[in-house]
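In what follows, a single structure is set out as structure tokens and then discussed.
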Number of protein chains: 2
Amino acid sequence: MKIPPVKGTRDFYPPIMAMRNHLTDGWKAASVRNGFEEYDGPIFEMLKMYQVKSGDEIVEQLFSLQDRGGRDLAIRPEITPTLARMVNQQINALPRPIKWFSVPRLCRAERPQKGRLREFFQWNIDIIGIEDVLADAEILFCAVDYLKSVGLTDKDIVVRISSRRMLAEVLKAIGIPDDQLDPLYVLLDKINKLPAEAFSEKLAELVADSNQQAKIQALMQAKSIQEIASVTPLTETAQAAVEELNRLFDTLKTMGIADYCMFDISIVRGLAYYTGVVFEIYDREKTLRAIGGGGRYDNLLKQFGGPQVTATGLGMGDCVLGILLEEKGLITDLSTRNLDYFVACADGQYQSKAIEITAILRNAGKITNYSYKTGALGKQFKQASEQKATKTIIIGSEVENGQLAIKDMAAGEQSLVDWAEFVSKLAE
Amino acid sequence: MKIPPVKGTRDFYPPIMAMRNHLTDGWKAASVRNGFEEYDGPIFEMLKMYQVKSGDEIVEQLFSLQDRGGRDLAIRPEITPTLARMVNQQINALPRPIKWFSVPRLCRAERPQKGRLREFFQWNIDIIGIEDVLADAEILFCAVDYLKSVGLTDKDIVVRISSRRMLAEVLKAIGIPDDQLDPLYVLLDKINKLPAEAFSEKLAELVADSNQQAKIQALMQAKSIQEIASVTPLTETAQAAVEELNRLFDTLKTMGIADYCMFDISIVRGLAYYTGVVFEIYDREKTLRAIGGGGRYDNLLKQFGGPQVTATGLGMGDCVLGILLEEKGLITDLSTRNLDYFVACADGQYQSKAIEITAILRNAGKITNYSYKTGALGKQFKQASEQKATKTIIIGSEVENGQLAIKDMAAGEQSLVDWAEFVSKLAE
């Protein structure tokens with residue numbers, strides 16, 4: 001009975017697994033280098049966890065299930081709610097700042113398309129307990145540190161940065177009331193996706209005053225943080241929010257990553273829960289979806305029944321990133337196996353010697369395979385090459401004199417060595 | 001709103017995550033050392049995948065769900081069906097032998113108890129395409145290699161080994177018909193769990209002939225492979241199966257792991273799909289459940305719509321193993337963070353220098369954190385110690401003279417170094 005895989009999922013055959021490991025190992029190394037600690041949660045949570053953060057619409061995008069007690073669960077579509085739950089559970093025991101990372105497997109019941117699958121992996125880094133933009137800068141530095149480590153440069157990628165807090169304060173200075181902000185964010189988030197006319201129409205639906213409309217249009221054209229002040233007179237809080245953003249960019253410069261970063265007022269992020277700095281990472285030509293994104297979310301822990309604790313973080317999936325790295329030619333030579341030794345055997349009567357030396361090599365920490373079949377050496381050498389063996393040991397009648405033939409696969413040279421001497425050197 | 005985690009799952013806070021990584025990193029390293037390639041599949045498969053292998057009873061133990069098209073899916077309770085599906089899909093393209101490993105996250109809707117959770121991680125190694133017991137020996141060597149690598153010795157653990165093929169052939173030699181073997185395996189698998197009388201009663205229900213009953217009882221008392229022949233005259237095929245088992249033990253001896261292995265005729269394994277060597281790994285005192293188990297399954301690929309291809313493998317979960325390692329005192333000093341450098345700052349006016357040197361250190365591959373707060377050094381040193389920093393850099397007025405103070409945390413010694421010199425040494 002032949003059964004197909006589930007639509008929108010991937011089978012990680014060894015070469016594809018090597019690619020996945022290349023991404024996830026890099027994420028882990030960058031996280032560790034930047035002083036983050038690893039955490040993880042269960043693959044599923046109570047369904048309502050996701051409703052708390054994202055409302056009831058999210059349920060359609062979830063793979064939901066029930067446990068034996070009839071409780072509604074869902075496979076995690078993101079790990080931030082789990083993070084909030086876990087931090088809240090130990091809020092008084094955890095030393096702050098909390099700098100945590102995770103590389104969760106996530107599932108979303110979306111229509112599979114380029115860069116979007118139903119099952120994927122996502123890098124998450126979060127800093128909890130630091131209100132200063134230093135923490136936002138730290139998140140951005142870590143993201144860029146990773147992207148540089150896999151070979152991407154400021155010619156390839158850019159982090160587009162804005163601030164929800166700045167946007168809120170400037171919109172309020174323009175005269176938009178508090179309760180109009182959330183629907184406006186949803187529209188402003190789409191400014192680059194909608195035709196200009198459609199955007200104007202929708203803006204007029206949300207904002208009646210044409211003077212305010214014009215100011216919002218002008219604001220959304222601002223190419224630099226400096227231009228914001230020319231749109232409308234800034235209140236004191238708006239001025240402070242603008243200065244905070246300036247300080248973020250100063251810090252990014254101090255960190256040496258200014259060339260990877262730019263101000264982009266159109267970065268709003270759809271989700272209601274962002275409260276400060278927001279950002280999205282794109283390929284320079286913007287031919288792909290966002291590689292990653294994130295920002296400050298100061299209210300989430302409280303929403304999950306904890307205290308008001310400030311937080312900021314990033315998510316970066318493996319799908320778009322993988323496409324970009326392939327396109328840039330940055331995925332080369334990902335071997336599924338790199339043997340130190342392959343042990344070939346010319347004559348079946350000596351196979352136990354091949355098995356013995358294989359065990360000795362492995363015990364010494366050497367990556368080793370041996371040939372289950374003995375005899376014709378051609379096939380065995382081919383296997384050794386396929387498995388990227390550095391050296392091949394050939395077991396033949398020499399073992400009767402306590403000797404081993406060792407072939408250097410790159411140089412093609414073969415030499416006889418003393419078994420006992422070889423083994424004692426390995427043990428060193 | 002406070003939402004609890006799902007019953008039977010674990011929250012991997014950094015110290016618990018460090019323990020999980022200790023186990024999974026060790027599994028991966030042993031697999032690589034033994035020449036296996038890593039693979040993985042999706043977290044869910046079509047529900048019927050699991051019914052094919054384990055029958056309809058399995059459905060109760062599954063977390064099942066539906067996709068948007070109404071198809072019945074299940075979160076994987078094991079990865080072997082996925083392995084069979086994947087290998088079948090590329091059966092003609094994959095070079096043999098296929099030596100693959102995986103460390104899947106698995107879920108089973110069982111009652112949580114000691115060593116058994118609803119979500120766990122399991123190491124899987126499989127060799128496909130080698131009929132010889134050499135492949136079984138290779139699986140066992142790799143398992144023991146791993147267990148030794150985490151500090152377990154032959155005083156702590158033992159691999160109990162038998163053979164389904166041997167058992168089948170000897171039972172047939174005793175006179176048991178083919179179609180009686182499967183129900184008999186289920187009973188024999190429970191011989192150590194049932195009281196002797198209950199076992200005898202159930203045996204009598206399955207086997208009418210009292211002479212045959214006596215022979216089966218005698219067979220199940222065999223303490224060595226040699227004793228098997230004394231139970232009943234062996235047919236030629238039974239003799240061959242016994243010799244194969246002898247050859248397995250000879251190979252284990254050649255590999256140097258004989259002290260970790262023993263013959264145990266009571267190892268039968270419940271599942272119908274085993275066809276040859278079967279084994280379970282236990283702590284010596286057998287106070288815990290099996291640490292791992294496996295064996296040869298020559299028909300599974302065919303059952304999944306592929307050709308008849310021989311295979312053998314092992315599964316080892318993280319729960320019982322973790323308990324054993326804790327009990328044996330083999331879990332020590334698992335740090336969640338080991339900084340190379342912590343950067344402290346004595347005076348807020350120099351914080352940008354702290355940020356700059358932190359970026360430089362990270363760019364040089366050093367694991368580094370800095371203090372978001374400046375001023376009082378006591379707290380910052382405490383943070384440096386908590387994060388296991390090897391060295392702490394103290395940024396103060398010395399930076400005005402182009403100098404850095406560096407404290408060796410173990411020795412407690414502090415010295416002044418030239419900034420430019422320090423940075424150029426890092427780059428080397």
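Letters A, B, ... mark the chains of the structure tokens in the order given; residue numbers begin at 1 per chain; ligand numbers begin at 1, in order shown.
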
Hey, which bits of chain B sit within 6 Å of chain A, and for each residue what's the closest pair of atoms and how far apart in Å (one decimal), counting only C-alpha atoms, rows by chain and increasing number, as JSON lines?
{"residue": "B:Met1", "atom": "CA", "partner": "A:Gly305", "partner_atom": "CA", "distance": 4.3}
{"residue": "B:Lys2", "atom": "CA", "partner": "A:Gly305", "partner_atom": "CA", "distance": 4.6}
{"residue": "B:Val6", "atom": "CA", "partner": "A:Glu45", "partner_atom": "CA", "distance": 5.9}
{"residue": "B:Thr9", "atom": "CA", "partner": "A:Pro42", "partner_atom": "CA", "distance": 6.0}
{"residue": "B:Asp11", "atom": "CA", "partner": "A:Gly41", "partner_atom": "CA", "distance": 4.8}
{"residue": "B:Phe12", "atom": "CA", "partner": "A:Asp40", "partner_atom": "CA", "distance": 4.9}
{"residue": "B:Tyr13", "atom": "CA", "partner": "A:Tyr39", "partner_atom": "CA", "distance": 5.1}
{"residue": "B:Pro14", "atom": "CA", "partner": "A:Tyr39", "partner_atom": "CA", "distance": 5.0}
{"residue": "B:Met17", "atom": "CA", "partner": "A:Tyr39", "partner_atom": "CA", "distance": 5.7}
{"residue": "B:Arg33", "atom": "CA", "partner": "A:Ile367", "partner_atom": "CA", "distance": 4.0}
{"residue": "B:Asn34", "atom": "CA", "partner": "A:Thr368", "partner_atom": "CA", "distance": 5.8}
{"residue": "B:Gly35", "atom": "CA", "partner": "A:Asn369", "partner_atom": "CA", "distance": 5.3}
{"residue": "B:Glu37", "atom": "CA", "partner": "A:Thr336", "partner_atom": "CA", "distance": 5.9}
{"residue": "B:Glu38", "atom": "CA", "partner": "A:Pro14", "partner_atom": "CA", "distance": 5.4}
{"residue": "B:Tyr39", "atom": "CA", "partner": "A:Pro14", "partner_atom": "CA", "distance": 5.0}
{"residue": "B:Asp40", "atom": "CA", "partner": "A:Phe12", "partner_atom": "CA", "distance": 4.9}
{"residue": "B:Gly41", "atom": "CA", "partner": "A:Asp11", "partner_atom": "CA", "distance": 4.8}
{"residue": "B:Pro42", "atom": "CA", "partner": "A:Thr9", "partner_atom": "CA", "distance": 6.0}
{"residue": "B:Glu45", "atom": "CA", "partner": "A:Val6", "partner_atom": "CA", "distance": 5.9}
{"residue": "B:Leu65", "atom": "CA", "partner": "A:Leu65", "partner_atom": "CA", "distance": 5.2}
{"residue": "B:Thr254", "atom": "CA", "partner": "A:Glu356", "partner_atom": "CA", "distance": 5.6}
{"residue": "B:Met255", "atom": "CA", "partner": "A:Glu356", "partner_atom": "CA", "distance": 5.4}
{"residue": "B:Phe304", "atom": "CA", "partner": "A:Met1", "partner_atom": "CA", "distance": 4.9}
{"residue": "B:Gly305", "atom": "CA", "partner": "A:Met1", "partner_atom": "CA", "distance": 4.3}
{"residue": "B:Thr336", "atom": "CA", "partner": "A:Glu37", "partner_atom": "CA", "distance": 5.9}
{"residue": "B:Glu356", "atom": "CA", "partner": "A:Met255", "partner_atom": "CA", "distance": 5.4}
{"residue": "B:Ala359", "atom": "CA", "partner": "A:Met255", "partner_atom": "CA", "distance": 5.5}
{"residue": "B:Ile367", "atom": "CA", "partner": "A:Arg33", "partner_atom": "CA", "distance": 4.0}
{"residue": "B:Thr368", "atom": "CA", "partner": "A:Gly35", "partner_atom": "CA", "distance": 5.7}
{"residue": "B:Asn369", "atom": "CA", "partner": "A:Gly35", "partner_atom": "CA", "distance": 5.3}

* **Residues near A:Ile265, cut-off 8 Å, only C-alpha atoms, skip fewer than 5 positions along chain, as a list in words** =>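 Non-adjacent residues within range: Ile161, Ser162, Ser163, Met220, Gln221, Ala222 and Lys223 of chain A.
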
So that each row is one residue of stretch 152-222 of chain B with an atom at most 12 Å from stretch 308-332 of chain B, can you give its shortest atom pair and the distance in Å to one decimal, using only C-alpha atoms, rows by chain and rising number, as JSON lines?
{"residue": "B:Leu152", "atom": "CA", "partner": "B:Leu325", "partner_atom": "CA", "distance": 8.0}
{"residue": "B:Thr153", "atom": "CA", "partner": "B:Lys328", "partner_atom": "CA", "distance": 10.5}
{"residue": "B:Lys155", "atom": "CA", "partner": "B:Lys328", "partner_atom": "CA", "distance": 11.0}
{"residue": "B:Asp156", "atom": "CA", "partner": "B:Lys328", "partner_atom": "CA", "distance": 8.2}
{"residue": "B:Ile157", "atom": "CA", "partner": "B:Leu324", "partner_atom": "CA", "distance": 9.6}
{"residue": "B:Val159", "atom": "CA", "partner": "B:Leu314", "partner_atom": "CA", "distance": 11.7}

* To do: Using DSSP on the backbone, list every residue of stretch 341-375 of chain A that comes out as strand (DSSP E), and give them as a PyMOL selection string.
  => chain A and resi 341-345+368-370

Counting only C-alpha atoms, what is within 9 Å of A:Thr235, bar same-chain residues fewer than 6 positions away, as a PDB file with N, CA and C atoms, in the first residue's frame?
ATOM      1  N   GLU A 169       2.651  58.049  17.992  1.00  0.00           N
ATOM      2  CA  GLU A 169       2.764  59.408  18.546  1.00  0.00           C
ATOM      3  C   GLU A 169       2.611  60.468  17.452  1.00  0.00           C
ATOM      4  N   VAL A 170       3.173  60.205  16.273  1.00  0.00           N
ATOM      5  CA  VAL A 170       3.046  61.181  15.189  1.00  0.00           C
ATOM      6  C   VAL A 170       1.590  61.223  14.686  1.00  0.00           C
ATOM      7  N   LYS A 172      -1.015  60.613  16.440  1.00  0.00           N
ATOM      8  CA  LYS A 172      -1.765  61.337  17.467  1.00  0.00           C
ATOM      9  C   LYS A 172      -1.493  62.845  17.355  1.00  0.00           C
ATOM     10  N   ALA A 173      -0.232  63.208  17.059  1.00  0.00           N
ATOM     11  CA  ALA A 173       0.099  64.625  16.876  1.00  0.00           C
ATOM     12  C   ALA A 173      -0.668  65.206  15.677  1.00  0.00           C
TER      13      ALA A 173
END

* Structure fact -> Nearest to A:Thr80, restricted to only C-alpha atoms and choosing among A:Asn401, A:Thr24, A:Asn124, A:Thr232, comes out as A:Asn124

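Separating atom CA of A:Gly412 from atom CA of A:Gly375 is a distance of 20.1 Å.
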
* To do: Considering only C-alpha atoms, return as an MDAnalysis selection string whatever protein or nucleic-acid residues lie within 6 Å of A:Lys391, sequence-local ones (same chain, fewer than 6 positions apart) excluded.
  => chainID A and resid 341 407:409

Take the residues just selected and output them with C-alpha atoms as a PDB file, in the first residue's frame.
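Below is the file out.pdb, written as the result:
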ATOM      1  CA  TYR A 341      38.255   6.444   7.162  1.00  0.00           C
ATOM      2  CA  LYS A 407      45.388   5.056   0.885  1.00  0.00           C
ATOM      3  CA  ASP A 408      45.223   8.841   0.969  1.00  0.00           C
ATOM      4  CA  MET A 409      42.170   9.504  -1.198  1.00  0.00           C
TER       5      MET A 409
END

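For stretch 227-267 of chain A, the set of residues given helix (DSSP H, G or I) by DSSP on the backbone reads Glu227, Ile228, Ala229, Ser230, Val231, Glu236, Thr237, Ala238, Gln239, Ala240, Ala241, Val242, Glu243, Glu244, Leu245, Asn246, Arg247, Leu248, Phe249, Asp250, Thr251, Leu252, Lys253, Thr254, Ala258, Asp259 and Tyr260 of chain A.
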
Non-local contacts of B:Asp182 (12 Å; only C-alpha atoms; under 3 positions in same chain excluded) as a PDB file with N, CA and C atoms, in the first residue's frame:
ATOM      1  N   ARG B 164      14.088 -13.483  16.258  1.00  0.00           N
ATOM      2  CA  ARG B 164      12.761 -13.924  15.862  1.00  0.00           C
ATOM      3  C   ARG B 164      12.843 -15.095  14.893  1.00  0.00           C
ATOM      4  N   LEU B 167      13.701 -18.138  16.846  1.00  0.00           N
ATOM      5  CA  LEU B 167      12.531 -18.557  17.631  1.00  0.00           C
ATOM      6  C   LEU B 167      11.504 -19.230  16.718  1.00  0.00           C
ATOM      7  N   ALA B 168      11.258 -18.623  15.567  1.00  0.00           N
ATOM      8  CA  ALA B 168      10.288 -19.179  14.621  1.00  0.00           C
ATOM      9  C   ALA B 168      10.708 -20.580  14.172  1.00  0.00           C
ATOM     10  N   LEU B 171      10.470 -23.100  17.071  1.00  0.00           N
ATOM     11  CA  LEU B 171       9.059 -23.400  17.361  1.00  0.00           C
ATOM     12  C   LEU B 171       8.489 -24.302  16.275  1.00  0.00           C
ATOM     13  N   ILE B 176       5.040 -26.379  15.999  1.00  0.00           N
ATOM     14  CA  ILE B 176       4.039 -25.302  15.966  1.00  0.00           C
ATOM     15  C   ILE B 176       3.812 -24.884  14.506  1.00  0.00           C
ATOM     16  N   PRO B 177       2.558 -24.845  14.066  1.00  0.00           N
ATOM     17  CA  PRO B 177       2.313 -24.436  12.679  1.00  0.00           C
ATOM     18  C   PRO B 177       2.536 -22.933  12.492  1.00  0.00           C
ATOM     19  N   ASP B 178       2.863 -22.558  11.245  1.00  0.00           N
ATOM     20  CA  ASP B 178       3.171 -21.165  10.889  1.00  0.00           C
ATOM     21  C   ASP B 178       2.149 -20.157  11.423  1.00  0.00           C
ATOM     22  N   ASP B 179       0.878 -20.465  11.246  1.00  0.00           N
ATOM     23  CA  ASP B 179      -0.157 -19.480  11.580  1.00  0.00           C
ATOM     24  C   ASP B 179      -0.370 -19.344  13.096  1.00  0.00           C
ATOM     25  N   TYR B 185       4.122 -15.312  19.774  1.00  0.00           N
ATOM     26  CA  TYR B 185       5.095 -14.246  20.042  1.00  0.00           C
ATOM     27  C   TYR B 185       4.549 -13.268  21.088  1.00  0.00           C
ATOM     28  N   VAL B 186       3.274 -12.902  20.903  1.00  0.00           N
ATOM     29  CA  VAL B 186       2.664 -11.939  21.816  1.00  0.00           C
ATOM     30  C   VAL B 186       2.730 -12.474  23.253  1.00  0.00           C
ATOM     31  N   LEU B 187       2.456 -13.776  23.397  1.00  0.00           N
ATOM     32  CA  LEU B 187       2.515 -14.380  24.733  1.00  0.00           C
ATOM     33  C   LEU B 187       3.963 -14.468  25.240  1.00  0.00           C
ATOM     34  N   LEU B 188       4.855 -14.991  24.402  1.00  0.00           N
ATOM     35  CA  LEU B 188       6.258 -15.183  24.831  1.00  0.00           C
ATOM     36  C   LEU B 188       6.904 -13.849  25.217  1.00  0.00           C
ATOM     37  N   ASP B 189       6.486 -12.781  24.528  1.00  0.00           N
ATOM     38  CA  ASP B 189       6.998 -11.436  24.827  1.00  0.00           C
ATOM     39  C   ASP B 189       6.689 -11.033  26.268  1.00  0.00           C
ATOM     40  N   LEU B 206      -3.041 -21.694  23.732  1.00  0.00           N
ATOM     41  CA  LEU B 206      -2.538 -21.538  22.364  1.00  0.00           C
ATOM     42  C   LEU B 206      -2.000 -22.836  21.785  1.00  0.00           C
ATOM     43  N   VAL B 268      11.392 -10.904  22.680  1.00  0.00           N
ATOM     44  CA  VAL B 268      10.619 -11.324  21.505  1.00  0.00           C
ATOM     45  C   VAL B 268      10.133 -10.102  20.734  1.00  0.00           C
ATOM     46  N   ARG B 269       9.851  -9.010  21.455  1.00  0.00           N
ATOM     47  CA  ARG B 269       9.269  -7.780  20.888  1.00  0.00           C
ATOM     48  C   ARG B 269       7.829  -8.061  20.442  1.00  0.00           C
ATOM     49  N   GLY B 270       6.916  -7.252  20.906  1.00  0.00           N
ATOM     50  CA  GLY B 270       5.504  -7.459  20.641  1.00  0.00           C
ATOM     51  C   GLY B 270       5.108  -7.320  19.183  1.00  0.00           C
ATOM     52  N   LEU B 271       5.656  -6.326  18.522  1.00  0.00           N
ATOM     53  CA  LEU B 271       5.205  -6.025  17.162  1.00  0.00           C
ATOM     54  C   LEU B 271       5.429  -7.181  16.200  1.00  0.00           C
ATOM     55  N   ALA B 272       4.440  -7.377  15.334  1.00  0.00           N
ATOM     56  CA  ALA B 272       4.487  -8.491  14.391  1.00  0.00           C
ATOM     57  C   ALA B 272       5.594  -8.336  13.358  1.00  0.00           C
ATOM     58  N   TYR B 273       6.127  -7.112  13.202  1.00  0.00           N
ATOM     59  CA  TYR B 273       6.917  -6.900  12.001  1.00  0.00           C
ATOM     60  C   TYR B 273       8.380  -7.325  12.068  1.00  0.00           C
ATOM     61  N   TYR B 274       8.848  -7.763  13.246  1.00  0.00           N
ATOM     62  CA  TYR B 274      10.247  -8.203  13.334  1.00  0.00           C
ATOM     63  C   TYR B 274      10.436  -9.565  12.681  1.00  0.00           C
ATOM     64  N   THR B 275      11.580  -9.734  12.011  1.00  0.00           N
ATOM     65  CA  THR B 275      11.805 -10.963  11.245  1.00  0.00           C
ATOM     66  C   THR B 275      13.121 -11.653  11.575  1.00  0.00           C
TER      67      THR B 275
END

* Which residue, A:Ile267, A:Ala376, A:Ile394, A:Val59, has the smallest gap to A:Arg108 when you use only C-alpha atoms? ->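 Smallest distance to A:Arg108 is found for A:Val59.
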
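For the pair atom CA of B:Val158 and atom CA of B:Met19, the separation is 23.1 Å.
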